[in-house]
Amino acid sequence: MDYDIPINIAGLNLRNPVIVASGILGLSQSIFNRLYKIGAGAIVSKSISLLPREGYRNPTIVNVGTMSYINAVGLANPGAESFSKEISKNSGPLLVSLVGSDKDEFSDIVRKFSNLKILGFELNLSCPHVEKMGMEIGDDLNLVYDIIKLIKKDTGKPLFVKVGLGKSDIIEVAKVAESAGADGITAINTLRAMKIDIETRCPVLENKIGGLSGSAIMPLGVRCVYELSKSLRIPIIGCGGIMRHSDIVEYMMAGASAVQIGSLIGLKGIYSIGRILRDLRAHLEVSSISDIKEIIGIVHR
Amino acid sequence: MDYDIPINIAGLNLRNPVIVASGILGLSQSIFNRLYKIGAGAIVSKSISLLPREGYRNPTIVNVGTMSYINAVGLANPGAESFSKEISKNSGPLLVSLVGSDKDEFSDIVRKFSNLKILGFELNLSCPHVEKMGMEIGDDLNLVYDIIKLIKKDTGKPLFVKVGLGKSDIIEVAKVAESAGADGITAINTLRAMKIDIETRCPVLENKIGGLSGSAIMPLGVRCVYELSKSLRIPIIGCGGIMRHSDIVEYMMAGASAVQIGSLIGLKGIYSIGRILRDLRAHLEVSSISDIKEIIGIVHR
Amino acid sequence: MELSTDKKLMRMVEIEDVVIESPTVKTFVFKDILGSESKPGQFLMVWIPRKEELPLSVMISDKKNHAAITIRKKGYGSTSLFNKGKGEKIGIRGPYGNSFSFDTSHKNIIFLGGGTGLVPLVRLLYSIKRHQCNFTFIIGAKTRSELFFTQIISEWAEGGKIDLFITTEDGSLGTKGYPTDILRDFLSIHNDTDIIYTCGPEMMMKKAYDLAKTNGVHIEASIERYMKCGIGICSSCCINDKLVCVDGTVFNETKIQKLTEFGISYRNKSGITTQF
Amino acid sequence: MELSTDKKLMRMVEIEDVVIESPTVKTFVFKDILGSESKPGQFLMVWIPRKEELPLSVMISDKKNHAAITIRKKGYGSTSLFNKGKGEKIGIRGPYGNSFSFDTSHKNIIFLGGGTGLVPLVRLLYSIKRHQCNFTFIIGAKTRSELFFTQIISEWAEGGKIDLFITTEDGSLGTKGYPTDILRDFLSIHNDTDIIYTCGPEMMMKKAYDLAKTNGVHIEASIERYMKCGIGICSSCCINDKLVCVDGTVFNETKIQKLTEFGISYRNKSGITTQF
Ligand SMILES: Cc1cc2nc3c(=O)[nH]c(=O)nc-3n(C[C@H](O)[C@H](O)[C@H](O)COP(=O)(O)OP(=O)(O)OC[C@H]3O[C@@H](n4cnc5c(N)ncnc54)[C@H](O)[C@@H]3O)c2cc1C
Ligand SMILES: Cc1cc2nc3c(=O)[nH]c(=O)nc-3n(C[C@H](O)[C@H](O)[C@H](O)COP(=O)(O)OP(=O)(O)OC[C@H]3O[C@@H](n4cnc5c(N)ncnc54)[C@H](O)[C@@H]3O)c2cc1C
Ligand SMILES: Cc1cc2nc3c(=O)[nH]c(=O)nc-3n(C[C@H](O)[C@H](O)[C@H](O)COP(=O)(O)O)c2cc1C
Ligand SMILES: Cc1cc2nc3c(=O)[nH]c(=O)nc-3n(C[C@H](O)[C@H](O)[C@H](O)COP(=O)(O)O)c2cc1C
Ligand code: FES
Ligand code: FES
C-alpha cells in the first residue's frame, strides 16, 4: 500500500497528513511501528508526565452514541524515564506528548528524550479532566508562556502546543503559545463532558467528568482551526471528530496543515487509518488536487 | 392528553418541566398556543432585541448529521415593539427572551412587556454567532452584573439567565448572574461551530460560523448543569441535545429543575413534545418516582 | 460518490441540463434520487453556494433518478441561481412539506397557476394524467414573454383530455385579464367541477378559494411563506398556527378556512406581520 | 424497555440468577441478546456502578436470550461484583474480541484451564460438544474448595466423549500437582491430539504452548492483559504489537510465536513493562 500524500509542517516532512492523536495507542513502541506500517503519517505518544501515573479506575471511557466518546483515563502513563526506554530504539515519525503539573517538570521530562530519534514534542495544555494538569495550566497564560519558553530552550526540535475549548479563549492561548516560540498548534482536545446512567443514578465514568471526543466535536474543531488560522502564522494540526476523508479535507480547507485522528480508531479499528488515507488519495485524484497544500486554508481565500 | 408532571421553578408553577427553547418556533402567538396545546410546560420566545432584525441571509441552518445542527439565524426578530403587540393577548406560560447590544437597551425592551401576562424573562447572554450581542456581552462579567441588576429593577417577574460555553468560564458567569439577582440559569446555548462544503470549498452558513445544537452537545450540557448546580443556589434549566425522555432524566439528575428542547422539534416535528412527555411520564411510573423533584440533582447525593 | 438518501442532509448535485423556459425562467436538471421521488407540491431547499438558500418546488425531469427545479430570475438569490450553468454545483436538501392529494373519484379537475407556481402543478398533472379525467389548466401571466410550460402541458393527454386556457394581463396572448376571470366563467358553466389545484400569487389563490367556496368545489392551494429552516423549527414561515414548511405547503378548503391570515398578511424576514 | 443491539453502547441489565460455584466464585445470569450470541472466547466489559469496570469472559446460560458471567472474588472490582445480588443492575458492553476457532477435522481435543480461565473453555465446549470428538478437559486448582464447573463439564457428552482430569496443588482432589503435568503425560501417550485450547494463568499457558510446540500439536490460548477501553484505543492491553482486546484474546501457535512478551512480561496500569 502506498500512503504518499506528502506534507511539510513546521519543518517536518511527513509522508501524509494523518497523525495518530495523543492517548490513542500511544504507549508501546511495537504498536507505533505497526501504526506506521498501517499508514500513519506520524504518531503522537500518550501524554507523558515526569512520574508514572496509574490514572483513574475503570470505567475510563464511555461511548455516548453518534460516534462519540467521553474518556477520563486520567493521563495514565509510564512516566518519562520508563517511556524514554520504551522508545529508545524508535526511528519512526514520533512526537512525544508532554504533560506536567509544574513548570519545572517539563525541562526534566524533555531532557529524558533529548538523545532520542523523535520528530519533536506536543505540549498537552488541554486535558480537560485531570486537575492541575493540562487544562488548568492552559488557562494561565503566563504559565503557558513560561513553559513553552523553557521547553524551547531545552530542545531544538519542533514543539506543537495542543489547545482546547476550556475556560479561556483558545485563540488567546494559541497566540501566547506562538509568541513564546511554539512551532505549531494542535486543536482541539476533548471537551469536559458527562454521562449519567439514569438507572443507577450515577455518572458512568469513575472520574464523573471526562472529555468528549468523536463526531460530536468535529464542527467545533473545524471552527477553531478556521479562527486560529486567521490569527496565527504558525501551522495548525486539526483534531477532533475525524471519521471520513472528507472530514480531513474540511479541516485542511479551514486552515489545518495536518490532522490527528483518535476516536475513529476505537470505532472502526486500527486499519481505518489505511482506509481513510486511501479514500483521501482517491478524493484528491478525482478533484484534480495534485498537492494537498493547495487546499490548506482555501476557505479563507 | 394529560401532560401533568408538575414542577415549581423560581416560584413558577409549570404543569411539566419541558420548555420550548428560545429561537424554536418563537415568533407567533398562534404557534405558542399550539405548542401549549401540544403539551409544552412553557415556551421561551425567540430572543427579542429593541429594534427589528432581519438576521442573516440563508442558509441559516445546516444539519451536520448525528442529530445535530449548526445555525446562524442572526437573531432575526420583529423587535420589542412589534413583538409586544404579537403577544398582547397571551395567557400561556411564556418567557420572553431578551437580547441587546448595550446595557441601556434592556430596560427599554423589558418595559415594553411590563403590562403583559407573561411568566417572566430569559436573558440571552450566550448567542455564539452574533457580534456585540449575546456571547460578547456574556464574556464581560461586569456588564452581565449591571444588565441583570437593571432588568431586575424594571420587573418583578422571574429572570432566567442563559449561559453558554464561550470564551469565559460558564460557572463564573452564572455566579455573577446569581449575585446580581437572577432567579435561575438556563444552560447551555449553542457552541460556535462551522461546516464547510468541501466541493465548493466554502462554509455552508452565510455567516460562516454558527451555533452547534442537538445530540452533539448533550454531554456538554449535562456536565455544565452538574457543575453549575454544585456552585449555585438558584435553580437551573438544562438545555442542549435532548432527544429522548432519558435525556431529560439525565439533565434533572445532574441538577436541572426543568429542561428546554430545541433541535428535537426540527428533527422529529412539533408533536415530539407530546411524545417525549408521554415517555417521561411512563418512565417515572415504572421507576416509581411519584414526584419528579425527587430526582433533581440526585447524582450529587 | 454514493448518493445521499437522507433528506435532512444537504447533498451537492451537479447541474446536468439547463432548459431556457422564458427570458427570465430556467429549469435546471440534476441527478438526485430523493428529489426524483418527490410528491407533487413538495419543495427542496436549494443552496446556491456563497449566495443564498431558497425553497423551490420540485419540477419533473424525464431522466431516471433525476429531479429539476425551475427558477424565475428576480432578486439576489434567484438571479444567482439563474446564472448557474451546466456542470456547476448546488446543494439541496429535502424534499420537504406535504403534497397535493388526488381522489380517483374526481373526474373534472382544474389547475390554476401563474409564474413559477406552475411548477408543482405540472408535477401534479404529470403524476395523475394517466387517469381518465377532464383536466383544465388555466395559466396566467403578465405578458406573452413571461409564459412558459404551455408546450409541455398541452402535449400531455394520455388517459384524459387537457384543455389549456391562457390569460395575459396585457392581452398579448390568450384572453386579456386574470386567470381567475377564466376560472369564474368556467365554474359558472361547468357545475360538475370536482377540485381546483392552485399555486401562484396569494391574491390569485385567495380569489380562487372564494370562487371554490361559492361554487361548492374542492380546492387545494400551495401557499408560499418566507422560509429559513424548511424543517419546522424557526417559525418564519408561519401562517396562523400552521408552519407552511411542514404542515403545508398544500392546504385544502377546510384548512384554509381557519387560516385567517390567508390572502391578508404574511411575516417579513424579521417576523413582523405585514399586509399583502 | 427495548434491548440494545449496539454492542458499543453500555446497556444496563438486571441480575436474574446468582449461582454459587465455590466459596469465592459466583455466576450471574442476566438477559442480553448480544451477550447470549457471544462466540466462545469473547468477553464483556462489565460495569459495577460506582465501583469498577472489568473485562469478563462470557459464560453460558441455559435461558434463551440470556448470558452469564462468572466472577472470582479477588480485589476491589471483582469483590464489588461478587457481592451483587439478584435484582441488582450492572452495565455491560461488548461482546468484544475474537474467539476460539474450531476445525471440524479435529477429533482429539484438549481443554486446559484453571480458575476463571475455565469460563471461555466451557463456552467453547458447549458450542462444539455435539461433534464426535474425544474431549479431554484438564482443570487445575490450588485446592479442592477452589474447583468449580466440574459437574457441568462431566455431564456434557453428546456427540463425543469427555474425559475430565483434575489436579490440585495440595492434592486435596484429583492428581496432586499442576494441570500441565497431566498435559505433558497425556501428550506423550496420545500422539493423535489435534489441538489444545487453554485459558488461565499465563505461566500455565506458556508451558502448554511449549508442550504443544514440542509435540507438534495446535494450540489456542486466550491471553489476559490489563484492559481499560476494551475497544483498541488505549493500548493498555498490548502484547508486542497486538492489542489483546481486539486482536485477541485468542492467539494460535503461529501468532504466539511472535509474541515475545508471552509468559515473560505484561504492562501494569501505568503502562510500564513488568516481568511476570
Ligand atoms: C414552497 C416554495 C416554493 C417555491 N418554488 C419556487 C419555484 O419553483 N420557482 C421559483 O422561481 N421560486 C419559487 N419560490 C420562491 C423562491 O423561494 C424565492 O422567493 C424567489 O426565487 C425570490 O428569491 P430572491 O432571493 O431572488 O428574492 P429577493 O429579491 O431576495 O426577495 C424577494 C422576495 O422573495 C421572497 N423570498 C426570498 N427568500 C425567500 C425564502 N427563503 N423563502 C420564501 N420566500 C423568499 C420574499 O417574499 C422576498 O420578499 C418558492 C417559494 C416557496 C416558499
Ligand atoms: C479478557 C479477560 C477476561 C476475563 N475473564 C474473567 C472471568 O471470566 N472471571 C473473572 O473472575 N475474571 C476474569 N478476568 C479478570 C478480571 O478482569 C479481573 O482482572 C479480576 O476480576 C480482578 O479484578 P479486581 O478489580 O478484583 O482486582 P484488583 O485487586 O483491582 O487487581 C488485581 C489484578 O487484577 C487484574 N485486573 C484488574 N482490573 C483489570 C482490568 N480492567 N483488565 C484486566 N485485568 C485487570 C490486574 O492484573 C490486577 O493487577 C478476565 C480478564 C480479562 C482480561
Ligand atoms: C481514550 C483517549 C485518551 C486520550 N488521551 C490523551 C492524552 O493523553 N493527551 C492528549 O493530548 N489528548 C488525549 N486525548 C485526546 C485526543 O488526542 C484527541 O484530541 C481527541 O480525542 C479528539 O480527537 P478525536 O475526536 O479524533 O478522538 C485522548 C482521547 C481519548 C479518546
Ligand atoms: C434555529 C435556532 C435558533 C435559535 N435561536 C436562539 C435564540 O434566539 N436565543 C437563544 O437564546 N437561543 C437560541 N437558540 C439556541 C436554543 O435555544 C438552544 O439553547 C440550543 O439549540 C440547544 O438546545 P437543543 O440542542 O435542544 O437544540 C437557537 C437554536 C436554534 C437551533
Ligand atoms: S421555514 Fe422554519 S419553520 Fe418553516
Ligand atoms: S483495552 Fe484499550 S486497547 Fe485494549
# chains A, B, ... in the order shown; residues from 1 in each chain; ligands from 1
>>> residues_around(residues="Val217 of chain C", least_positions_apart="6", cutoff="9 Å", atoms="only C-alpha atoms", output="list in words")
Leu187, Asn191, Asp192, Thr193, Asp194, Ile195, Ile196 and Leu211 of chain C
>>> closest_atom_pairs(of="chain B", to="chain A", cutoff="8 Å", atoms="only C-alpha atoms", output="CSV")
residue,atom,partner,partner_atom,distance
B:Thr66,CA,A:Thr66,CA,5.4
B:Gly166,CA,A:Asp169,CA,7.8
B:Lys167,CA,A:Asp169,CA,4.6
B:Ser168,CA,A:Lys167,CA,5.4
B:Asp169,CA,A:Lys167,CA,4.6
B:Ile170,CA,A:Lys167,CA,7.6
B:Leu191,CA,A:Leu220,CA,7.5
B:Arg192,CA,A:Leu220,CA,6.5
B:Ala193,CA,A:Leu220,CA,4.6
B:Met194,CA,A:Arg223,CA,4.8
B:Lys195,CA,A:Pro219,CA,6.0
B:Ile196,CA,A:Glu250,CA,5.9
B:Asp197,CA,A:Glu250,CA,7.3
B:Ile198,CA,A:Glu250,CA,6.0
B:Arg201,CA,A:Val299,CA,5.8
B:Cys202,CA,A:Val299,CA,5.2
B:Pro203,CA,A:Val299,CA,7.1
B:Ile209,CA,A:Arg223,CA,7.1
B:Leu212,CA,A:Pro219,CA,7.5
B:Ser215,CA,A:Ala216,CA,7.7
B:Ala216,CA,A:Ala216,CA,4.3
B:Ile217,CA,A:Ala216,CA,7.1
B:Pro219,CA,A:Ala193,CA,5.0
B:Leu220,CA,A:Ala193,CA,4.6
B:Gly221,CA,A:Ala193,CA,7.6
B:Val222,CA,A:Met194,CA,6.0
B:Arg223,CA,A:Met194,CA,4.8
B:Cys224,CA,A:Ala193,CA,7.8
B:Ser246,CA,A:Ile198,CA,7.2
B:Val249,CA,A:Ile198,CA,6.7
B:Glu250,CA,A:Ile196,CA,6.0
B:Met253,CA,A:Arg201,CA,7.1
B:Ala254,CA,A:Ile196,CA,7.7
B:Ile298,CA,A:Arg201,CA,6.9
B:Val299,CA,A:Cys202,CA,5.2
>>> write_last_selection(atoms="C-alpha atoms", output="PDB file, in the first residue's frame")
ATOM      1  CA  THR B  66     -25.807  12.652  14.138  1.00  0.00           C
ATOM      2  CA  GLY B 166     -17.874  30.654  25.232  1.00  0.00           C
ATOM      3  CA  LYS B 167     -14.622  32.323  25.958  1.00  0.00           C
ATOM      4  CA  SER B 168     -15.219  32.748  29.648  1.00  0.00           C
ATOM      5  CA  ASP B 169     -15.876  30.360  32.476  1.00  0.00           C
ATOM      6  CA  ILE B 170     -19.544  29.396  32.486  1.00  0.00           C
ATOM      7  CA  LEU B 191     -21.429  26.405  20.739  1.00  0.00           C
ATOM      8  CA  ARG B 192     -19.546  28.223  17.979  1.00  0.00           C
ATOM      9  CA  ALA B 193     -19.090  25.766  15.151  1.00  0.00           C
ATOM     10  CA  MET B 194     -18.575  25.555  11.424  1.00  0.00           C
ATOM     11  CA  LYS B 195     -19.463  23.354   8.485  1.00  0.00           C
ATOM     12  CA  ILE B 196     -17.513  23.584   5.245  1.00  0.00           C
ATOM     13  CA  ASP B 197     -18.699  22.172   1.956  1.00  0.00           C
ATOM     14  CA  ILE B 198     -15.604  20.589   0.502  1.00  0.00           C
ATOM     15  CA  ARG B 201     -14.810  25.000  -0.735  1.00  0.00           C
ATOM     16  CA  CYS B 202     -16.792  27.416   1.351  1.00  0.00           C
ATOM     17  CA  PRO B 203     -18.619  27.458   4.660  1.00  0.00           C
ATOM     18  CA  ILE B 209     -19.847  30.432  11.859  1.00  0.00           C
ATOM     19  CA  LEU B 212     -23.936  23.834  17.347  1.00  0.00           C
ATOM     20  CA  SER B 215     -27.202  15.482  20.252  1.00  0.00           C
ATOM     21  CA  ALA B 216     -23.594  16.572  19.897  1.00  0.00           C
ATOM     22  CA  ILE B 217     -23.841  18.976  22.828  1.00  0.00           C
ATOM     23  CA  PRO B 219     -22.892  15.538  27.257  1.00  0.00           C
ATOM     24  CA  LEU B 220     -21.564  19.102  27.468  1.00  0.00           C
ATOM     25  CA  GLY B 221     -24.862  20.450  28.715  1.00  0.00           C
ATOM     26  CA  VAL B 222     -25.185  17.736  31.332  1.00  0.00           C
ATOM     27  CA  ARG B 223     -21.679  18.448  32.562  1.00  0.00           C
ATOM     28  CA  CYS B 224     -22.411  22.176  32.805  1.00  0.00           C
ATOM     29  CA  SER B 246     -33.997   9.629  29.265  1.00  0.00           C
ATOM     30  CA  VAL B 249     -33.939  12.484  33.325  1.00  0.00           C
ATOM     31  CA  GLU B 250     -30.184  12.748  32.893  1.00  0.00           C
ATOM     32  CA  MET B 253     -30.364  14.041  37.865  1.00  0.00           C
ATOM     33  CA  ALA B 254     -27.399  16.290  37.113  1.00  0.00           C
ATOM     34  CA  ILE B 298     -29.714  13.081  42.707  1.00  0.00           C
ATOM     35  CA  VAL B 299     -26.250  12.239  41.400  1.00  0.00           C
TER      36      VAL B 299
END
>>> closest_residue(among="A:Lys157, A:Arg53, A:Lys46, A:Lys85", to="chain D", atoms="only C-alpha atoms")
A:Arg53
>>> closest_atom_pairs(of="chain D", to="ligand 2", cutoff="8 Å", atoms="only C-alpha atoms and all ligand atoms", output="CSV")
residue,atom,partner,partner_atom_place_in_ligand_line,distance
D:Val25,CA,ligand 2,11 (O),7.5
D:Gln42,CA,ligand 2,1 (C),7.4
D:Phe43,CA,ligand 2,1 (C),5.6
D:Leu44,CA,ligand 2,3 (C),7.9
D:Glu52,CA,ligand 2,25 (O),7.0
D:Glu53,CA,ligand 2,41 (N),6.4
D:Leu54,CA,ligand 2,41 (N),4.6
D:Pro55,CA,ligand 2,17 (O),4.3
D:Leu56,CA,ligand 2,5 (N),3.5
D:Ser57,CA,ligand 2,8 (O),3.9
D:Val58,CA,ligand 2,8 (O),6.5
D:Met59,CA,ligand 2,8 (O),7.2
D:Ile69,CA,ligand 2,8 (O),6.1
D:Thr70,CA,ligand 2,9 (N),5.0
D:Ile71,CA,ligand 2,11 (O),3.5
D:Arg72,CA,ligand 2,11 (O),3.9
D:Lys73,CA,ligand 2,26 (O),6.4
D:Lys74,CA,ligand 2,26 (O),4.4
D:Gly75,CA,ligand 2,29 (O),3.1
D:Tyr76,CA,ligand 2,26 (O),4.5
D:Gly77,CA,ligand 2,25 (O),3.4
D:Ser78,CA,ligand 2,26 (O),3.6
D:Thr79,CA,ligand 2,26 (O),5.7
D:Ser80,CA,ligand 2,26 (O),7.8
D:Gly115,CA,ligand 2,11 (O),7.9
D:Thr116,CA,ligand 2,9 (N),4.6
D:Gly117,CA,ligand 2,8 (O),6.5
D:Leu118,CA,ligand 2,8 (O),7.8
D:Val119,CA,ligand 2,8 (O),5.5
D:Pro120,CA,ligand 2,8 (O),7.3
D:Ser222,CA,ligand 2,1 (C),7.5
D:Ile223,CA,ligand 2,1 (C),6.8
D:Glu224,CA,ligand 2,53 (C),4.0
D:Arg225,CA,ligand 2,53 (C),4.8
D:Tyr226,CA,ligand 2,43 (C),3.4
D:Met227,CA,ligand 2,42 (N),3.8
D:Lys228,CA,ligand 2,41 (N),5.4
D:Cys237,CA,ligand 2,43 (C),7.8
D:Val244,CA,ligand 2,1 (C),7.7
D:Cys245,CA,ligand 2,1 (C),6.9
D:Thr249,CA,ligand 2,1 (C),6.0
D:Asn268,CA,ligand 2,49 (O),7.1
D:Lys269,CA,ligand 2,49 (O),7.8
>>> write_last_selection(atoms="C-alpha atoms", output="mmCIF file, in the first residue's frame")
data_model
loop_
_atom_site.group_PDB
_atom_site.id
_atom_site.type_symbol
_atom_site.label_atom_id
_atom_site.label_comp_id
_atom_site.auth_asym_id
_atom_site.auth_seq_id
_atom_site.Cartn_x
_atom_site.Cartn_y
_atom_site.Cartn_z
ATOM 1 C CA VAL D 25 -16.798 -17.864 42.686
ATOM 2 C CA GLN D 42 -15.252 -13.260 23.715
ATOM 3 C CA PHE D 43 -15.584 -11.019 26.708
ATOM 4 C CA LEU D 44 -17.817 -8.276 28.022
ATOM 5 C CA GLU D 52 -15.255 -0.565 38.583
ATOM 6 C CA GLU D 53 -15.463 -1.881 35.071
ATOM 7 C CA LEU D 54 -13.852 -5.225 34.375
ATOM 8 C CA PRO D 55 -13.337 -7.417 31.327
ATOM 9 C CA LEU D 56 -15.054 -10.744 31.937
ATOM 10 C CA SER D 57 -15.424 -13.758 29.684
ATOM 11 C CA VAL D 58 -18.940 -14.626 28.628
ATOM 12 C CA MET D 59 -20.255 -17.686 30.366
ATOM 13 C CA ILE D 69 -20.536 -14.050 33.747
ATOM 14 C CA THR D 70 -18.534 -15.932 36.328
ATOM 15 C CA ILE D 71 -16.522 -13.923 38.792
ATOM 16 C CA ARG D 72 -13.857 -14.906 41.267
ATOM 17 C CA LYS D 73 -13.694 -12.649 44.274
ATOM 18 C CA LYS D 74 -10.268 -11.069 44.353
ATOM 19 C CA GLY D 75 -9.672 -7.349 44.660
ATOM 20 C CA TYR D 76 -11.868 -4.241 44.705
ATOM 21 C CA GLY D 77 -13.719 -4.676 41.416
ATOM 22 C CA SER D 78 -14.334 -8.382 41.479
ATOM 23 C CA THR D 79 -15.436 -8.285 45.103
ATOM 24 C CA SER D 80 -17.899 -5.478 44.355
ATOM 25 C CA GLY D 115 -9.732 -20.662 37.763
ATOM 26 C CA THR D 116 -11.979 -18.320 35.823
ATOM 27 C CA GLY D 117 -9.976 -19.228 32.731
ATOM 28 C CA LEU D 118 -12.460 -22.095 32.581
ATOM 29 C CA VAL D 119 -15.248 -19.736 31.536
ATOM 30 C CA PRO D 120 -14.394 -19.351 27.840
ATOM 31 C CA SER D 222 -6.820 -16.823 25.484
ATOM 32 C CA ILE D 223 -4.497 -14.184 26.898
ATOM 33 C CA GLU D 224 -5.338 -11.690 29.619
ATOM 34 C CA ARG D 225 -3.935 -8.174 29.850
ATOM 35 C CA TYR D 226 -4.933 -5.098 31.774
ATOM 36 C CA MET D 227 -7.803 -3.515 29.862
ATOM 37 C CA LYS D 228 -9.117 -0.008 30.070
ATOM 38 C CA CYS D 237 -3.726 -4.324 26.855
ATOM 39 C CA VAL D 244 -5.403 -8.275 23.283
ATOM 40 C CA CYS D 245 -8.861 -6.674 23.369
ATOM 41 C CA THR D 249 -7.902 -12.519 23.297
ATOM 42 C CA ASN D 268 0.889 -2.543 34.582
ATOM 43 C CA LYS D 269 -1.781 0.114 34.953
#
>>> closest_residue(among="C:Ile182, C:Met203, C:Ile109, C:Cys229", to="ligand 1", atoms="only C-alpha atoms and all ligand atoms")
C:Cys229
>>> residues_near_ligand(ligand="ligand 5", cutoff="12 Å", atoms="only C-alpha atoms and all ligand atoms", output="JSON, numbers by chain")
{"B": [23, 24, 25, 26, 27, 28, 31, 58, 59, 60, 61, 71, 73, 76, 263, 265, 266, 267, 269, 270], "C": [43, 44, 45, 53, 54, 55, 96, 97, 223, 224, 225, 226, 227, 228, 229, 230, 231, 232, 233, 234, 235, 236, 237, 238, 239, 241, 242, 243, 244, 245, 246, 247, 248, 249, 267, 269, 271]}
>>> select_by_dssp(residues="segment 50-162 of chain C", states="strand (DSSP E)", output="VMD selection string")
chain C and resid 52 to 57 66 to 72 89 to 96 108 to 114 134 to 141 161 to 162
>>> write_last_selection(atoms="C-alpha atoms", output="mmCIF file, in the first residue's frame")
data_model
loop_
_atom_site.group_PDB
_atom_site.id
_atom_site.type_symbol
_atom_site.label_atom_id
_atom_site.label_comp_id
_atom_site.auth_asym_id
_atom_site.auth_seq_id
_atom_site.Cartn_x
_atom_site.Cartn_y
_atom_site.Cartn_z
ATOM 1 C CA GLU C 52 -28.404 32.060 -0.767
ATOM 2 C CA GLU C 53 -30.614 29.145 0.040
ATOM 3 C CA LEU C 54 -34.127 29.179 -1.379
ATOM 4 C CA PRO C 55 -37.184 26.952 -1.162
ATOM 5 C CA LEU C 56 -38.046 25.764 -4.646
ATOM 6 C CA SER C 57 -40.750 23.415 -5.816
ATOM 7 C CA HIS C 66 -33.212 12.967 -11.804
ATOM 8 C CA ALA C 67 -35.063 15.940 -10.453
ATOM 9 C CA ALA C 68 -35.321 19.513 -11.624
ATOM 10 C CA ILE C 69 -36.047 22.987 -10.354
ATOM 11 C CA THR C 70 -37.447 25.914 -12.284
ATOM 12 C CA ILE C 71 -36.323 29.370 -11.258
ATOM 13 C CA ARG C 72 -37.575 32.777 -12.171
ATOM 14 C CA LYS C 89 -22.831 22.530 -8.275
ATOM 15 C CA ILE C 90 -25.646 23.419 -5.970
ATOM 16 C CA GLY C 91 -26.683 21.959 -2.640
ATOM 17 C CA ILE C 92 -30.110 20.572 -1.984
ATOM 18 C CA ARG C 93 -31.966 19.173 0.981
ATOM 19 C CA GLY C 94 -35.470 17.830 1.158
ATOM 20 C CA PRO C 95 -37.955 17.168 -0.356
ATOM 21 C CA TYR C 96 -39.951 18.800 2.382
ATOM 22 C CA ASN C 108 -63.218 17.214 -13.624
ATOM 23 C CA ILE C 109 -60.099 18.863 -12.426
ATOM 24 C CA ILE C 110 -58.873 22.413 -12.712
ATOM 25 C CA PHE C 111 -55.319 23.626 -12.395
ATOM 26 C CA LEU C 112 -54.894 27.310 -11.800
ATOM 27 C CA GLY C 113 -51.399 28.726 -11.772
ATOM 28 C CA GLY C 114 -49.170 31.591 -12.577
ATOM 29 C CA ASN C 134 -61.018 16.174 -17.842
ATOM 30 C CA PHE C 135 -58.106 18.405 -16.976
ATOM 31 C CA THR C 136 -58.470 22.128 -17.359
ATOM 32 C CA PHE C 137 -55.285 24.095 -16.999
ATOM 33 C CA ILE C 138 -55.562 27.853 -16.563
ATOM 34 C CA ILE C 139 -52.335 29.815 -16.782
ATOM 35 C CA GLY C 140 -51.973 33.488 -16.058
ATOM 36 C CA ALA C 141 -49.073 35.786 -16.893
ATOM 37 C CA LYS C 161 -58.165 15.310 -22.038
ATOM 38 C CA ILE C 162 -56.451 18.599 -21.295
#
>>> atom_distance(atom1="atom CA of Val62 of chain B", atom2="atom CA of Ser229 of chain A")
23.0 Å
